[in-house]
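A short write-up of the structure that comes next.
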Protein chains: 4
Amino acid sequence: MARSRSRTEKSASKREQILAAAAEVFSQKGYFRATIDEIIAKADTGKGTVYNYFSNKEELFYILIKEKNAPFLQALEDIAAGECHALEKITAMLRVFLAFYLENADLWRVLMHEMRGLEDEKLAAEGGQGRYRQEFHSGVDILSRTLALGMQEGVIKENDARRMAYALFSVILSMVYQGYARDRADETALAIADAFFNGVAVK
Amino acid sequence: MARSRSRTEKSASKREQILAAAAEVFSQKGYFRATIDEIIAKADTGKGTVYNYFSNKEELFYILIKEKNAPFLQALEDIAAGECHALEKITAMLRVFLAFYLENADLWRVLMHEMRGLEDEKLAAEGGQGRYRQEFHSGVDILSRTLALGMQEGVIKENDARRMAYALFSVILSMVYQGYARDRADETALAIADAFFNGVAVK
Amino acid sequence: MARSRSRTEKSASKREQILAAAAEVFSQKGYFRATIDEIIAKADTGKGTVYNYFSNKEELFYILIKEKNAPFLQALEDIAAGECHALEKITAMLRVFLAFYLENADLWRVLMHEMRGLEDEKLAAEGGQGRYRQEFHSGVDILSRTLALGMQEGVIKENDARRMAYALFSVILSMVYQGYARDRADETALAIADAFFNGVAVK
Amino acid sequence: MARSRSRTEKSASKREQILAAAAEVFSQKGYFRATIDEIIAKADTGKGTVYNYFSNKEELFYILIKEKNAPFLQALEDIAAGECHALEKITAMLRVFLAFYLENADLWRVLMHEMRGLEDEKLAAEGGQGRYRQEFHSGVDILSRTLALGMQEGVIKENDARRMAYALFSVILSMVYQGYARDRADETALAIADAFFNGVAVK
DNA sequence: CATGAATGAGTATTCATTCAT
DNA sequence: GATGAATGAATACTCATTCAT
């Protein structure tokens, strides 16, 4: 029977359906406005099932973020671990960032915005240590290390690498949000890289 | 006696107390998580009083945004209308932006993030035209016009002025959020201006 | 000065304005849905003024009912005290009823419907004795007495006079509510009288 | 065990418990004064449960009315479709009316009185067509058709059938409200029929 | 007397979470 | 494991009433 797919298969599938639906709904509505009802409707499952896989709404959100972030971080680490020069690494990372945010712009916007509210509660309740902030910053951290490398190599002006990384990161995000990168990702990546390295002033 | 301020004085004060409390709570919690109860507790007033001055929670939020934004826009317009060159105007605006966001970073983050949710309802209900989006973009618009002026003057590379304005804006905001501008506003403004005009690459 | 009309005059006028506005609003919205705010808007006065003349919303409603009812009861009593025969008296009363309800149909509908809710509270609170019910029934009582007189005179079939009075009364009210009496009060009065005395069956 | 009734059974029961409680509370307090809190207290259920079965207070009220009205209308239609003569049909309907209003007098009073307030909002909002009015008038309509039939048969005086139906209906209701039908339903039905057909005047 | 700013008790509704089947 | 009926804490908003001017 169609109904007799192995238990494991079905379960795995339910879990993924829920995560996919959650990604959509959290992206569209934000964390607090998203409802479990809307998620299960999209995931075509029952309410109890969500609570079988995730202990509560917040855990669902956190795991979603973590599972989306992991391969992105891996890609960045791979670039960082490569043999080429800092400038090349930075440009490569910039493309990875752009691709990732084109895919997850709304979800990450939610993460950035609602982190605070989520962690305030956690921190107050149990002295936790900002796990959302950690996920969010991890990507920028790798970029930051590579910028520092560029300074060591003497190709980038000495400056606060973290500050620089955040600036670069914010420009990427902004371009995505404003829609400038939607259909011209490569052109945009080059434009950002050029402005970042060379500035906008006519010399 | 302090307690015998005239009713008029007290009334004016109630409205301002509510707006001040609303600014705090909306900044901290975001629009949807903010509660009227928390606002009145901070404002030291009754629930009905809020509804005497503002027809509902959303109107309170909108008026708050509008009243904060107005003097900021005026300051930018004053700079734009001045006699000096584009580069000077841009640097001056950058300081104004930085000062404004140091004051209102969290509230503006809320505005940017929750605009969508607020306007979807409005637009669906009555075909309104995005009044939050309008408030939010107005500042960047002025900056954008000034960048375009710089291109005319030949001091800034030809490019999409709006895109540039958003990029610059996002960097400002990012610096504020990361706390780099908290106690070093001027240093930060200069660093941003320098990176923006000249880039980060060693020539 | 225009402003120096005698104090008494002005006060009386405010009181009447409030009562007139209250009549409109209570008629349209019912007792519980009517708001003091709407009444003062229509009466062109301040909220405090209402509470100067009437101790609370309920008292305002009660006094309104009482003052409307008094001349109506007087007119019925005048007919009852007259010299003519029962049938004539009944027909005359029927016209008075019709005229009164054409004027006050909605307000009396409210009275009849919301009496219960108003008096339950009162009775529970202070052992009062149904003052609304009293106002409402007083008109029917006079009609009932006159029907009993008709029975004595032998022109009306022996029956429960009160029951008959309520039946007649209800028909009058129904005709008014259904709008059959709006522009044809006299025709309607005759039609009711005829059906009441002679029945609808073909003999 | 009584406690282990199947979930389906219990669910059906919850819905009915809520409707029964709603009937009581709406009857006693009217639509606007009735509170969901009082309904759930009487229904021995939680607040959320009400909203699982009915989308809001108004829908609860409407469905209550509709489900009460349906079998009543069916009974009237059955009589109308029968083989006997108009006068017999009318008398039979009169008993059905009386029985129905003895059961639902207060709820129907509420319907009649608050229809207006409920439909004004609806009509303004979405151009709806008066669903309460429709439920309310449907019974009188059937009676009206049967009266018209009596005129065709030549046993009832030619007249406006609708007007007559409303008059008869109002008398029935009035008798119920005044309590004359409480323990003497049959006697009352006959008295009404007699007065209606033959009038009250001594011939 | 007339006024209206201030107030808070009361109400409909939403939504995360539980748990029996 | 999967399900969804039941639940109540939380929240925006209304409106009669008070009282200082």
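Scheme for the structure tokens: letters A, B, ... for chains in order shown; per-chain residue numbers from 1; ligand numbers from 1 in order shown.
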
> Please, which residues of chain D lie no more than 8 Å from chain E when the count uses only C-alpha atoms (C1' of nucleotides), and can they be set out as a VMD selection string?
Replying inline: chain D and resid 7 35 to 36 56 to 57

Write out as a short mmCIF file (atom, residue, chain, number, x, y, z; two decimals) with all heavy atoms, in the first residue's frame each polymer residue whose atoms come within 12 Å of range 48-50 of chain B, counting only C-alpha atoms (C1' of nucleotides); drop sequence neighbours fewer than 5 positions from it.
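See selection37.cif below for the written result:
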data_model
loop_
_atom_site.label_atom_id
_atom_site.label_comp_id
_atom_site.auth_asym_id
_atom_site.auth_seq_id
_atom_site.Cartn_x
_atom_site.Cartn_y
_atom_site.Cartn_z
N SER B 11 -2.32 67.87 30.46
CA SER B 11 -2.79 67.13 29.30
C SER B 11 -1.67 67.00 28.26
O SER B 11 -1.37 65.93 27.79
CB SER B 11 -3.98 67.84 28.67
OG SER B 11 -5.01 67.91 29.62
N ALA B 12 -1.10 68.13 27.93
CA ALA B 12 0.00 68.11 26.97
C ALA B 12 1.03 67.10 27.45
O ALA B 12 1.52 66.28 26.69
CB ALA B 12 0.62 69.50 26.86
N SER B 13 1.30 67.15 28.70
CA SER B 13 2.30 66.26 29.26
C SER B 13 1.87 64.80 29.14
O SER B 13 2.71 63.93 28.87
CB SER B 13 2.53 66.67 30.72
OG SER B 13 2.87 65.58 31.51
N LYS B 14 0.61 64.50 29.36
CA LYS B 14 0.15 63.11 29.24
C LYS B 14 0.45 62.57 27.85
O LYS B 14 0.97 61.47 27.69
CB LYS B 14 -1.37 63.02 29.50
CG LYS B 14 -1.76 63.01 30.95
CD LYS B 14 -1.39 61.70 31.63
CE LYS B 14 -1.62 61.78 33.13
NZ LYS B 14 -1.01 60.64 33.85
N ARG B 15 0.10 63.36 26.84
CA ARG B 15 0.35 62.92 25.47
C ARG B 15 1.84 62.65 25.24
O ARG B 15 2.20 61.64 24.66
CB ARG B 15 -0.14 63.99 24.49
CG ARG B 15 -0.08 63.57 23.03
CD ARG B 15 -0.64 64.67 22.14
NE ARG B 15 -0.66 64.26 20.75
CZ ARG B 15 0.39 64.28 19.95
NH1 ARG B 15 1.56 64.67 20.39
NH2 ARG B 15 0.28 63.87 18.68
N GLU B 16 2.68 63.53 25.75
CA GLU B 16 4.12 63.35 25.55
C GLU B 16 4.62 62.17 26.36
O GLU B 16 5.47 61.40 25.88
CB GLU B 16 4.88 64.62 25.91
CG GLU B 16 4.47 65.86 25.12
CD GLU B 16 4.12 65.58 23.67
OE1 GLU B 16 4.91 64.91 22.97
OE2 GLU B 16 3.02 66.01 23.21
N GLN B 17 4.10 62.02 27.57
CA GLN B 17 4.49 60.86 28.38
C GLN B 17 4.19 59.57 27.65
O GLN B 17 4.98 58.63 27.65
CB GLN B 17 3.71 60.86 29.70
CG GLN B 17 4.25 61.77 30.78
CD GLN B 17 3.28 61.88 31.95
OE1 GLN B 17 2.71 60.90 32.41
NE2 GLN B 17 3.07 63.09 32.43
N ILE B 18 3.00 59.53 27.03
CA ILE B 18 2.60 58.32 26.32
C ILE B 18 3.52 58.08 25.13
O ILE B 18 4.00 56.96 24.91
CB ILE B 18 1.13 58.42 25.87
CG1 ILE B 18 0.22 58.40 27.09
CG2 ILE B 18 0.78 57.29 24.92
CD1 ILE B 18 -1.22 58.76 26.80
N LEU B 19 3.80 59.13 24.38
CA LEU B 19 4.68 58.96 23.22
C LEU B 19 6.07 58.51 23.64
O LEU B 19 6.67 57.63 23.00
CB LEU B 19 4.75 60.27 22.42
CG LEU B 19 3.56 60.53 21.50
CD1 LEU B 19 3.59 61.95 20.95
CD2 LEU B 19 3.53 59.53 20.34
N ALA B 21 6.87 56.85 26.36
CA ALA B 21 6.79 55.46 26.81
C ALA B 21 6.65 54.53 25.62
O ALA B 21 7.28 53.47 25.56
CB ALA B 21 5.61 55.30 27.76
N ALA B 22 5.82 54.95 24.66
CA ALA B 22 5.62 54.12 23.47
C ALA B 22 6.94 53.94 22.73
O ALA B 22 7.26 52.85 22.26
CB ALA B 22 4.58 54.76 22.56
N THR B 35 2.96 45.97 24.31
CA THR B 35 1.58 45.98 24.79
C THR B 35 1.22 47.35 25.33
O THR B 35 2.07 48.07 25.88
CB THR B 35 1.37 44.94 25.91
OG1 THR B 35 2.08 45.36 27.06
CG2 THR B 35 1.82 43.57 25.48
N ILE B 36 -0.04 47.67 25.16
CA ILE B 36 -0.53 48.93 25.70
C ILE B 36 -0.34 48.96 27.21
O ILE B 36 -0.01 50.00 27.79
CB ILE B 36 -2.02 49.10 25.35
CG1 ILE B 36 -2.21 49.07 23.82
CG2 ILE B 36 -2.57 50.39 25.92
CD1 ILE B 36 -1.63 50.24 23.11
N ASP B 37 -0.51 47.81 27.83
CA ASP B 37 -0.34 47.74 29.28
C ASP B 37 1.06 48.18 29.69
O ASP B 37 1.22 48.92 30.66
CB ASP B 37 -0.60 46.31 29.78
CG ASP B 37 -2.09 46.08 29.99
OD1 ASP B 37 -2.79 47.05 30.32
OD2 ASP B 37 -2.55 44.94 29.83
N GLU B 38 2.05 47.73 28.96
CA GLU B 38 3.41 48.11 29.32
C GLU B 38 3.62 49.61 29.06
O GLU B 38 4.29 50.29 29.85
CB GLU B 38 4.42 47.28 28.51
CG GLU B 38 5.81 47.35 29.11
CD GLU B 38 6.78 46.42 28.40
OE1 GLU B 38 6.34 45.58 27.59
OE2 GLU B 38 8.01 46.54 28.66
N ILE B 39 3.04 50.09 27.99
CA ILE B 39 3.19 51.51 27.68
C ILE B 39 2.57 52.38 28.76
O ILE B 39 3.18 53.34 29.23
CB ILE B 39 2.58 51.83 26.30
CG1 ILE B 39 3.43 51.18 25.20
CG2 ILE B 39 2.49 53.34 26.07
CD1 ILE B 39 2.84 51.26 23.81
N ILE B 40 1.36 52.03 29.20
CA ILE B 40 0.73 52.88 30.21
C ILE B 40 1.45 52.77 31.55
O ILE B 40 1.48 53.73 32.31
CB ILE B 40 -0.77 52.56 30.40
CG1 ILE B 40 -0.97 51.12 30.89
CG2 ILE B 40 -1.54 52.81 29.13
CD1 ILE B 40 -2.41 50.84 31.26
N ALA B 41 2.01 51.61 31.82
CA ALA B 41 2.77 51.49 33.07
C ALA B 41 3.94 52.46 33.05
O ALA B 41 4.17 53.20 34.01
CB ALA B 41 3.26 50.05 33.24
N ALA B 43 4.21 55.08 31.15
CA ALA B 43 3.75 56.46 30.99
C ALA B 43 3.03 56.94 32.24
O ALA B 43 2.67 58.11 32.34
CB ALA B 43 2.84 56.58 29.79
N SER B 55 -6.11 56.88 18.25
CA SER B 55 -7.30 56.07 18.05
C SER B 55 -7.06 54.58 18.24
O SER B 55 -7.98 53.86 18.60
CB SER B 55 -7.95 56.36 16.70
OG SER B 55 -7.00 56.24 15.68
N ASN B 56 -5.86 54.13 18.02
CA ASN B 56 -5.54 52.74 18.34
C ASN B 56 -4.02 52.55 18.36
O ASN B 56 -3.27 53.49 18.10
CB ASN B 56 -6.19 51.78 17.34
CG ASN B 56 -5.87 52.18 15.92
OD1 ASN B 56 -4.73 52.54 15.61
ND2 ASN B 56 -6.87 52.15 15.06
N LYS B 57 -3.62 51.34 18.64
CA LYS B 57 -2.19 51.05 18.80
C LYS B 57 -1.43 51.45 17.54
O LYS B 57 -0.35 52.04 17.61
CB LYS B 57 -2.03 49.56 19.07
CG LYS B 57 -0.61 49.10 19.33
CD LYS B 57 -0.57 47.58 19.54
CE LYS B 57 0.85 47.06 19.65
NZ LYS B 57 0.90 45.58 19.75
N GLU B 58 -1.97 51.12 16.40
CA GLU B 58 -1.25 51.39 15.16
C GLU B 58 -1.09 52.89 14.93
O GLU B 58 -0.03 53.35 14.51
CB GLU B 58 -2.01 50.79 13.98
CG GLU B 58 -1.09 50.38 12.84
CD GLU B 58 -1.52 50.97 11.53
OE1 GLU B 58 -2.63 50.66 11.05
OE2 GLU B 58 -0.73 51.76 10.97
N GLU B 59 -2.14 53.63 15.24
CA GLU B 59 -2.06 55.08 15.07
C GLU B 59 -1.02 55.66 16.02
O GLU B 59 -0.27 56.58 15.64
CB GLU B 59 -3.44 55.71 15.35
CG GLU B 59 -3.64 57.04 14.70
CD GLU B 59 -3.56 56.97 13.17
OE1 GLU B 59 -3.71 55.85 12.62
OE2 GLU B 59 -3.31 58.01 12.54
N LEU B 60 -0.97 55.14 17.22
CA LEU B 60 0.05 55.58 18.17
C LEU B 60 1.45 55.36 17.58
O LEU B 60 2.30 56.25 17.61
CB LEU B 60 -0.10 54.79 19.48
CG LEU B 60 1.02 54.94 20.52
CD1 LEU B 60 1.22 56.40 20.91
CD2 LEU B 60 0.72 54.11 21.76
N PHE B 61 1.64 54.20 17.01
CA PHE B 61 2.94 53.88 16.42
C PHE B 61 3.25 54.82 15.26
O PHE B 61 4.34 55.40 15.18
CB PHE B 61 2.96 52.42 15.95
CG PHE B 61 4.28 51.98 15.38
CD1 PHE B 61 5.40 51.90 16.20
CD2 PHE B 61 4.39 51.63 14.05
CE1 PHE B 61 6.62 51.48 15.68
CE2 PHE B 61 5.61 51.22 13.53
CZ PHE B 61 6.72 51.16 14.35
P DA E 5 -10.33 67.18 26.42
OP1 DA E 5 -10.06 68.58 26.04
OP2 DA E 5 -10.53 66.14 25.40
"O5'" DA E 5 -9.19 66.71 27.42
"C5'" DA E 5 -8.70 67.63 28.40
"C4'" DA E 5 -8.18 66.86 29.61
"O4'" DA E 5 -9.30 66.41 30.42
"C3'" DA E 5 -7.39 65.60 29.28
"O3'" DA E 5 -6.37 65.47 30.27
"C2'" DA E 5 -8.42 64.49 29.39
"C1'" DA E 5 -9.32 64.99 30.50
N9 DA E 5 -10.73 64.60 30.37
C8 DA E 5 -11.49 64.61 29.24
N7 DA E 5 -12.73 64.22 29.45
C5 DA E 5 -12.79 63.96 30.80
C6 DA E 5 -13.82 63.52 31.65
N6 DA E 5 -15.06 63.26 31.21
N1 DA E 5 -13.54 63.35 32.96
C2 DA E 5 -12.30 63.63 33.39
N3 DA E 5 -11.24 64.05 32.70
C4 DA E 5 -11.56 64.19 31.39
P DA E 6 -5.38 64.21 30.19
OP1 DA E 6 -4.10 64.70 30.73
OP2 DA E 6 -5.45 63.60 28.84
"O5'" DA E 6 -6.02 63.21 31.25
"C5'" DA E 6 -6.10 63.62 32.60
"C4'" DA E 6 -6.63 62.48 33.45
"O4'" DA E 6 -8.04 62.33 33.19
"C3'" DA E 6 -5.99 61.11 33.17
"O3'" DA E 6 -5.55 60.55 34.39
"C2'" DA E 6 -7.10 60.30 32.50
"C1'" DA E 6 -8.36 60.96 33.05
N9 DA E 6 -9.51 60.86 32.15
C8 DA E 6 -9.52 61.07 30.80
N7 DA E 6 -10.72 60.91 30.24
C5 DA E 6 -11.53 60.58 31.32
C6 DA E 6 -12.90 60.29 31.40
N6 DA E 6 -13.73 60.28 30.35
N1 DA E 6 -13.41 60.00 32.62
C2 DA E 6 -12.59 60.00 33.68
N3 DA E 6 -11.28 60.26 33.73
C4 DA E 6 -10.81 60.54 32.50
P DT E 7 -4.76 59.18 34.40
OP1 DT E 7 -3.89 59.21 35.58
OP2 DT E 7 -4.20 58.90 33.07
"O5'" DT E 7 -5.92 58.14 34.68
"C5'" DT E 7 -6.78 58.40 35.78
"C4'" DT E 7 -7.91 57.40 35.82
"O4'" DT E 7 -8.89 57.71 34.80
"C3'" DT E 7 -7.48 55.96 35.53
"O3'" DT E 7 -7.64 55.21 36.71
"C2'" DT E 7 -8.39 55.48 34.41
"C1'" DT E 7 -9.51 56.51 34.44
N1 DT E 7 -10.17 56.75 33.11
C2 DT E 7 -11.52 56.58 33.01
O2 DT E 7 -12.22 56.23 33.93
N3 DT E 7 -12.03 56.83 31.76
C4 DT E 7 -11.32 57.23 30.64
O4 DT E 7 -11.89 57.42 29.57
C5 DT E 7 -9.90 57.38 30.82
C7 DT E 7 -9.04 57.80 29.68
C6 DT E 7 -9.40 57.14 32.04
P DG E 8 -6.70 53.99 37.05
OP1 DG E 8 -6.31 54.10 38.47
OP2 DG E 8 -5.67 53.82 36.01
"O5'" DG E 8 -7.73 52.78 36.93
"C5'" DG E 8 -8.99 52.84 37.61
"C4'" DG E 8 -9.91 51.77 37.06
"O4'" DG E 8 -10.40 52.19 35.77
"C3'" DG E 8 -9.25 50.41 36.81
"O3'" DG E 8 -10.26 49.40 36.91
"C2'" DG E 8 -8.82 50.52 35.35
"C1'" DG E 8 -10.03 51.22 34.80
N9 DG E 8 -9.82 51.92 33.54
C8 DG E 8 -8.66 52.33 32.96
N7 DG E 8 -8.81 52.94 31.82
C5 DG E 8 -10.18 52.93 31.63
C6 DG E 8 -10.96 53.44 30.57
O6 DG E 8 -10.58 54.02 29.55
N1 DG E 8 -12.32 53.22 30.77
C2 DG E 8 -12.86 52.60 31.88
N2 DG E 8 -14.18 52.47 31.91
N3 DG E 8 -12.14 52.11 32.88
C4 DG E 8 -10.81 52.31 32.68
P DA E 9 -10.07 48.33 38.06
OP1 DA E 9 -9.80 49.01 39.34
OP2 DA E 9 -9.12 47.32 37.52
"O5'" DA E 9 -11.53 47.69 38.11
"C5'" DA E 9 -12.68 48.53 38.17
"C4'" DA E 9 -13.72 48.09 37.15
"O4'" DA E 9 -13.38 48.61 35.84
"C3'" DA E 9 -13.83 46.56 36.99
"O3'" DA E 9 -15.21 46.24 36.84
"C2'" DA E 9 -13.04 46.28 35.72
"C1'" DA E 9 -13.30 47.55 34.90
N9 DA E 9 -12.26 47.90 33.96
C8 DA E 9 -10.90 47.80 34.14
N7 DA E 9 -10.20 48.22 33.11
C5 DA E 9 -11.15 48.62 32.20
C6 DA E 9 -11.06 49.16 30.89
N6 DA E 9 -9.91 49.41 30.28
N1 DA E 9 -12.21 49.44 30.26
C2 DA E 9 -13.37 49.20 30.88
N3 DA E 9 -13.59 48.71 32.10
C4 DA E 9 -12.42 48.43 32.70
P DA F 12 -1.97 44.72 23.18
OP1 DA F 12 -0.79 44.99 22.34
OP2 DA F 12 -2.03 45.25 24.55
"O5'" DA F 12 -3.25 45.22 22.38
"C5'" DA F 12 -3.46 44.74 21.04
"C4'" DA F 12 -4.84 45.12 20.57
"O4'" DA F 12 -5.81 44.57 21.48
"C3'" DA F 12 -5.11 46.61 20.52
"O3'" DA F 12 -6.00 46.86 19.43
"C2'" DA F 12 -5.79 46.90 21.87
"C1'" DA F 12 -6.53 45.60 22.15
N9 DA F 12 -6.59 45.22 23.58
C8 DA F 12 -5.58 45.32 24.51
N7 DA F 12 -5.92 44.89 25.70
C5 DA F 12 -7.22 44.46 25.54
C6 DA F 12 -8.15 43.88 26.44
N6 DA F 12 -7.89 43.62 27.73
N1 DA F 12 -9.37 43.57 25.97
C2 DA F 12 -9.63 43.81 24.67
N3 DA F 12 -8.85 44.34 23.73
C4 DA F 12 -7.65 44.65 24.24
P DC F 13 -6.31 48.37 19.02
OP1 DC F 13 -6.56 48.32 17.57
OP2 DC F 13 -5.31 49.28 19.58
"O5'" DC F 13 -7.71 48.65 19.73
"C5'" DC F 13 -8.76 47.70 19.57
"C4'" DC F 13 -9.84 48.01 20.57
"O4'" DC F 13 -9.43 47.58 21.88
"C3'" DC F 13 -10.20 49.49 20.73
"O3'" DC F 13 -11.51 49.64 20.24
"C2'" DC F 13 -10.06 49.77 22.21
"C1'" DC F 13 -10.11 48.38 22.81
N1 DC F 13 -9.48 48.16 24.13
C2 DC F 13 -10.27 47.68 25.18
O2 DC F 13 -11.47 47.49 24.97
N3 DC F 13 -9.71 47.45 26.39
C4 DC F 13 -8.40 47.66 26.57
N4 DC F 13 -7.90 47.41 27.77
C5 DC F 13 -7.57 48.16 25.51
C6 DC F 13 -8.15 48.39 24.31
P DT F 14 -12.30 51.05 20.46
OP1 DT F 14 -13.11 51.23 19.26
OP2 DT F 14 -11.34 52.08 20.91
"O5'" DT F 14 -13.31 50.76 21.65
"C5'" DT F 14 -14.10 49.60 21.61
"C4'" DT F 14 -15.12 49.68 22.72
"O4'" DT F 14 -14.47 49.52 24.00
"C3'" DT F 14 -15.86 51.02 22.80
"O3'" DT F 14 -17.21 50.68 23.08
"C2'" DT F 14 -15.16 51.76 23.94
"C1'" DT F 14 -14.77 50.61 24.85
N1 DT F 14 -13.57 50.78 25.70
C2 DT F 14 -13.65 50.36 27.01
O2 DT F 14 -14.68 49.91 27.50
N3 DT F 14 -12.50 50.50 27.73
C4 DT F 14 -11.29 50.98 27.29
O4 DT F 14 -10.33 51.04 28.04
C5 DT F 14 -11.26 51.39 25.91
C7 DT F 14 -10.00 51.93 25.34
C6 DT F 14 -12.38 51.27 25.19
P DC F 15 -18.38 51.74 22.88
OP1 DC F 15 -19.56 50.97 22.43
OP2 DC F 15 -17.90 52.87 22.09
"O5'" DC F 15 -18.67 52.24 24.36
"C5'" DC F 15 -18.67 51.26 25.39
"C4'" DC F 15 -18.82 51.94 26.73
"O4'" DC F 15 -17.51 52.10 27.33
"C3'" DC F 15 -19.42 53.35 26.68
"O3'" DC F 15 -20.24 53.50 27.80
"C2'" DC F 15 -18.20 54.26 26.76
"C1'" DC F 15 -17.34 53.45 27.71
N1 DC F 15 -15.89 53.74 27.61
C2 DC F 15 -15.07 53.46 28.71
O2 DC F 15 -15.57 52.98 29.72
N3 DC F 15 -13.75 53.73 28.61
C4 DC F 15 -13.25 54.24 27.48
N4 DC F 15 -11.95 54.48 27.44
C5 DC F 15 -14.08 54.53 26.36
C6 DC F 15 -15.38 54.27 26.47
P DA F 16 -21.48 54.47 27.84
OP1 DA F 16 -22.60 53.74 27.22
OP2 DA F 16 -21.11 55.80 27.30
"O5'" DA F 16 -21.74 54.60 29.39
"C5'" DA F 16 -21.99 53.42 30.13
"C4'" DA F 16 -21.43 53.56 31.54
"O4'" DA F 16 -20.02 53.79 31.49
"C3'" DA F 16 -22.01 54.72 32.34
"O3'" DA F 16 -22.12 54.28 33.69
"C2'" DA F 16 -20.98 55.83 32.17
"C1'" DA F 16 -19.68 55.05 32.08
N9 DA F 16 -18.65 55.64 31.20
C8 DA F 16 -18.83 56.10 29.93
N7 DA F 16 -17.73 56.55 29.38
C5 DA F 16 -16.76 56.36 30.34
C6 DA F 16 -15.38 56.62 30.37
N6 DA F 16 -14.71 57.16 29.35
N1 DA F 16 -14.71 56.31 31.49
C2 DA F 16 -15.37 55.76 32.52
N3 DA F 16 -16.67 55.46 32.60
C4 DA F 16 -17.32 55.79 31.47
#

> Mind listing as a PyMOL selection string which residues of chain F are within 9 Å of chain A, counting only C-alpha atoms (C1' of nucleotides)?
Replying inline: chain F and resi 1-4

>> With only C-alpha atoms considered, list every residue of chain A at most 7 Å from chain B, as a ChimeraX atom specification.
In response: /A:29,113,117,155-157,166-167,170-171,174,195-202

> Quick one: DSSP alpha helix (DSSP H) residues in chain C, as number ranges by chain?
Replying inline: C: 7-29, 36-43, 47-53, 57-80, 86-126, 131-152, 161-177, 185-198

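With CA of Gln74 in chain C on one side and CA of Asp141 in chain C on the other, the separation reads 12.8 Å.
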
>> Which residues are near Ile79 in chain D? Cut-off 8 Å, only C-alpha atoms (C1' of nucleotides), ignore same chain within fewer than 5 positions. Put them as a PyMOL selection string.
In response: chain D and resi 89+92-93

Go ahead and dump the residues you just picked, C-alpha atoms, as a CSV table (one decimal), in the first residue's frame.
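Wrote out-v7.csv, looks like this:
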chain,number,residue,atom,x,y,z
D,89,LYS,CA,-54.1,24.7,8.6
D,92,ALA,CA,-52.7,24.0,13.3
D,93,MET,CA,-50.0,26.5,12.6

> Contacts of Leu76 in chain A at 10 Å or less, counting only C-alpha atoms (C1' of nucleotides), minus same-chain residues fewer than 3 places along, as a ChimeraX atom specification?
Replying inline: /A:71-73,79-82,89-90,92-94,96-97,138-140,142-143
